[in-house]
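Visitor: The structure's right below; bear with me while I get my questions together.
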Amino acid sequence: MGALGLRRVIYALAALESPRAFAHDVDEAQPIAAQLDLHWSYEPWVIACLALSMAAYAIGLTLLWKQAGRGRGIATRQALSFLGGWLLLVVALVSPLDGLGSQLFSAHMLQHELLMVVVAPLLVLGRPLAAWAWALPHGWRRRVGGAFHHPAWRSPWKWITAPLGAWLIHACALWLWHVPAWFEAALADKAVHTAQHVAFLFSALLFWWAALGASTRPAQGIALLYFFTTMLHTGALGALLTLSPVAWYPSYFATTTALGWSGLEDQQLGGLVMWVPAGLAYLAAGLALTARLLRWPRSTRGGATAL
């Protein structure tokens, strides 16, 4: 990527936060910002889902703490993790980043990685299912609990939340949705684009649920392996995008050309987002899990421990 092209990409992404901040410093920034879609997205169903999820969590947490005491059942740090994940979910789906993703592959990649390696683990750490269950009326809670324990639901749920099942689902979602035909279909059709985002977030939630929920030493060792292999295959995909001599997604050509750089340069930046920052997220999780394994008390090795 040329120096001028890289500089323009940086200005374009910087315009997400403050589209006018660079106008007086760099003459090129103003036309770039003017051509970008920097509006907030207010899709009614997205806003409804976000509002309902937060309201149910707040109600459930309040009822749980009223019954069991503050910090019991769901710790304060876990509640803060959910809040952080929810706020970043708003950033990913409602802020100008969402609209910019239809114009720049690099912004689209930033949105996806935000969902998969930041939002998903924070939401999982917040134990939302426990809070949402408490938000239900007592009678409903028992019926929903019974439905979840029915074999028709329990068997597939156990498979997709098992470490291997969750790893496979997440890996398949990641690679299949970056196949050019699939990615182009998501850009061309709003319903397919929604399915893409749901697949990324849902598969990431399963992956982090299985990895962070490991409660025995052998299970945590397997989770460590899954962090390492996920870092490898996501890094490989990022490297392919970065080092490819051709651009994979022609739908971005018009936008990137209008902004003064090529679709290949935009793809290179997006590949770097997947290759480096996302890889570091898996590496950090793996190192944290390694430290936890090294601190494991000898008297409890082989037994269970709480998250």
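In the structure tokens, chains take letters A, B, ... by order of appearance, with residues numbered from 1 within each chain and ligands from 1 in the order shown.
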Within 12 Å of A:Gln267, counting only C-alpha atoms, which residues qualify if same-chain residues fewer than 6 places away don't, as JSON, numbers by chain?

Guide: {"A": [1, 5, 6, 9, 103, 104, 105, 106, 107, 108, 109, 110, 178, 237, 238, 239, 240, 241, 242, 243, 244, 245, 246, 247, 248, 249, 250, 251, 252, 253, 256, 261, 273, 274, 275]}

Visitor: For A:Tyr282, work out the shell of residues within 12 Å, counting only C-alpha atoms and skipping chain neighbours fewer than 3 positions away, then give it as a VMD selection string.

Guide: chain A and resid 113 116 to 118 121 204 207 to 208 211 to 212 223 to 235 274 to 279 285 to 289

Visitor: Identify, on the basis of only C-alpha atoms, every residue whose closest approach to stretch 71-80 of chain A does not exceed 9 Å; exclude the query and any residue fewer than 3 positions from it along the same chain; express the result as a list in words.

Guide: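 What passes the distance filter is Tyr57, Leu61, Leu64, Trp65, Ala68, Leu83, Gly84, Gly85, Leu122, Leu123, Val124, Leu125, Gly126, Arg127, Pro128, Ala130 and Ala131 of chain A.
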
Visitor: Write the residues you've just listed into a file as a PDB file, in the first residue's frame, and include N, CA and C atoms for each of them.

Guide:
```
ATOM      1  N   TYR A  57     -31.775  -7.816  31.190  1.00  0.00           N
ATOM      2  CA  TYR A  57     -30.606  -8.052  32.042  1.00  0.00           C
ATOM      3  C   TYR A  57     -30.699  -7.221  33.317  1.00  0.00           C
ATOM      4  N   LEU A  61     -31.009  -8.902  36.919  1.00  0.00           N
ATOM      5  CA  LEU A  61     -29.925  -8.670  37.882  1.00  0.00           C
ATOM      6  C   LEU A  61     -30.464  -8.043  39.160  1.00  0.00           C
ATOM      7  N   LEU A  64     -32.299 -10.772  41.106  1.00  0.00           N
ATOM      8  CA  LEU A  64     -31.342 -11.735  41.656  1.00  0.00           C
ATOM      9  C   LEU A  64     -30.631 -11.163  42.864  1.00  0.00           C
ATOM     10  N   TRP A  65     -30.126  -9.946  42.750  1.00  0.00           N
ATOM     11  CA  TRP A  65     -29.401  -9.348  43.863  1.00  0.00           C
ATOM     12  C   TRP A  65     -30.329  -9.026  45.036  1.00  0.00           C
ATOM     13  N   ALA A  68     -30.626 -12.660  46.544  1.00  0.00           N
ATOM     14  CA  ALA A  68     -29.412 -13.323  47.043  1.00  0.00           C
ATOM     15  C   ALA A  68     -28.398 -12.373  47.658  1.00  0.00           C
ATOM     16  N   LEU A  83     -22.239  -4.930  30.484  1.00  0.00           N
ATOM     17  CA  LEU A  83     -22.490  -3.546  30.101  1.00  0.00           C
ATOM     18  C   LEU A  83     -21.491  -3.096  29.037  1.00  0.00           C
ATOM     19  N   GLY A  84     -20.209  -3.419  29.250  1.00  0.00           N
ATOM     20  CA  GLY A  84     -19.193  -3.041  28.274  1.00  0.00           C
ATOM     21  C   GLY A  84     -19.433  -3.699  26.929  1.00  0.00           C
ATOM     22  N   GLY A  85     -19.758  -5.004  26.939  1.00  0.00           N
ATOM     23  CA  GLY A  85     -20.039  -5.701  25.700  1.00  0.00           C
ATOM     24  C   GLY A  85     -21.253  -5.141  24.990  1.00  0.00           C
ATOM     25  N   LEU A 122     -17.009 -10.405  26.223  1.00  0.00           N
ATOM     26  CA  LEU A 122     -17.538  -9.570  27.299  1.00  0.00           C
ATOM     27  C   LEU A 122     -18.973  -9.970  27.646  1.00  0.00           C
ATOM     28  N   LEU A 123     -19.780 -10.244  26.627  1.00  0.00           N
ATOM     29  CA  LEU A 123     -21.151 -10.666  26.894  1.00  0.00           C
ATOM     30  C   LEU A 123     -21.178 -12.016  27.604  1.00  0.00           C
ATOM     31  N   VAL A 124     -20.336 -12.946  27.174  1.00  0.00           N
ATOM     32  CA  VAL A 124     -20.300 -14.269  27.811  1.00  0.00           C
ATOM     33  C   VAL A 124     -19.894 -14.149  29.273  1.00  0.00           C
ATOM     34  N   LEU A 125     -18.904 -13.329  29.557  1.00  0.00           N
ATOM     35  CA  LEU A 125     -18.464 -13.139  30.940  1.00  0.00           C
ATOM     36  C   LEU A 125     -19.561 -12.522  31.799  1.00  0.00           C
ATOM     37  N   GLY A 126     -20.493 -11.809  31.169  1.00  0.00           N
ATOM     38  CA  GLY A 126     -21.579 -11.176  31.922  1.00  0.00           C
ATOM     39  C   GLY A 126     -22.693 -12.115  32.334  1.00  0.00           C
ATOM     40  N   ARG A 127     -22.656 -13.392  31.934  1.00  0.00           N
ATOM     41  CA  ARG A 127     -23.656 -14.395  32.284  1.00  0.00           C
ATOM     42  C   ARG A 127     -25.082 -13.919  31.980  1.00  0.00           C
ATOM     43  N   PRO A 128     -25.354 -13.557  30.735  1.00  0.00           N
ATOM     44  CA  PRO A 128     -26.674 -12.999  30.412  1.00  0.00           C
ATOM     45  C   PRO A 128     -27.820 -13.988  30.568  1.00  0.00           C
ATOM     46  N   ALA A 130     -28.339 -16.236  32.807  1.00  0.00           N
ATOM     47  CA  ALA A 130     -28.778 -16.270  34.207  1.00  0.00           C
ATOM     48  C   ALA A 130     -29.619 -15.042  34.534  1.00  0.00           C
ATOM     49  N   ALA A 131     -29.159 -13.868  34.091  1.00  0.00           N
ATOM     50  CA  ALA A 131     -29.909 -12.637  34.376  1.00  0.00           C
ATOM     51  C   ALA A 131     -31.248 -12.640  33.649  1.00  0.00           C
TER      52      ALA A 131
END
```

Visitor: Report, in Å with one decimal, the straight-line distance from atom CA of A:Leu50 to atom CA of A:Phe82.

Guide: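 Atom-to-atom, atom CA of A:Leu50 to atom CA of A:Phe82, that is 12.2 Å.
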
Visitor: So the first atom is atom CA of A:Lys190 and the second is atom CA of A:Gly165; what is the distance between them in Å, to one decimal place?

Guide: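 That distance, rounded to one decimal, is 28.4 Å.
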
Visitor: Find the residues around A:Leu206 up to 8 Å (only C-alpha atoms counted), leave out those fewer than 2 positions away in its own chain, and share them as a ChimeraX atom specification.

Guide: /A:160-161,166,170,202-204,208-210

Visitor: Write to file, as a short mmCIF file (atom, residue, chain, number, x, y, z; two decimals), in the first residue's frame, the residues of the selection just made, with C-alpha atoms.

Guide:
```cif
data_model
loop_
_atom_site.label_atom_id
_atom_site.label_comp_id
_atom_site.auth_asym_id
_atom_site.auth_seq_id
_atom_site.Cartn_x
_atom_site.Cartn_y
_atom_site.Cartn_z
CA ILE A 160 -22.83 -26.79 19.73
CA THR A 161 -21.57 -25.55 23.12
CA ALA A 166 -18.19 -24.45 19.03
CA HIS A 170 -16.97 -20.51 14.53
CA PHE A 202 -23.61 -16.24 17.39
CA SER A 203 -20.65 -18.46 16.46
CA ALA A 204 -18.30 -16.22 18.45
CA TRP A 208 -16.13 -17.97 23.90
CA TRP A 209 -18.85 -19.72 25.93
CA ALA A 210 -17.08 -23.07 25.47
#
```

Visitor: Looking only at the backbone, which of the residues in stretch 69-226 of chain A does DSSP tag as helix (DSSP H, G or I), as a PyMOL selection string?

Guide: chain A and resi 76-93+96-100+105-125+128-135+138-148+151-161+163-176+180-188+190-212+217-226

Visitor: Could you please determine the separation between atom CA of A:Phe200 and atom CA of A:Leu176 in Å, to one decimal place?

Guide: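 That distance, rounded to one decimal, is 10.6 Å.
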
Visitor: Rank A:Ala254, A:Leu174, A:Leu38, A:Ala162 by their smallest atom-to-atom distance to A:Ala214, using only C-alpha atoms, and report the top residue only.

Guide: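 Closest to A:Ala214 of all the choices is A:Ala162.
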
Visitor: Using only C-alpha atoms, find the one residue out of A:Trp134, A:Trp86, A:Trp177, A:Tyr42 that sits nearest to A:Asp98.

Guide: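 Using only C-alpha atoms, the shortest distance to A:Asp98 belongs to A:Tyr42.
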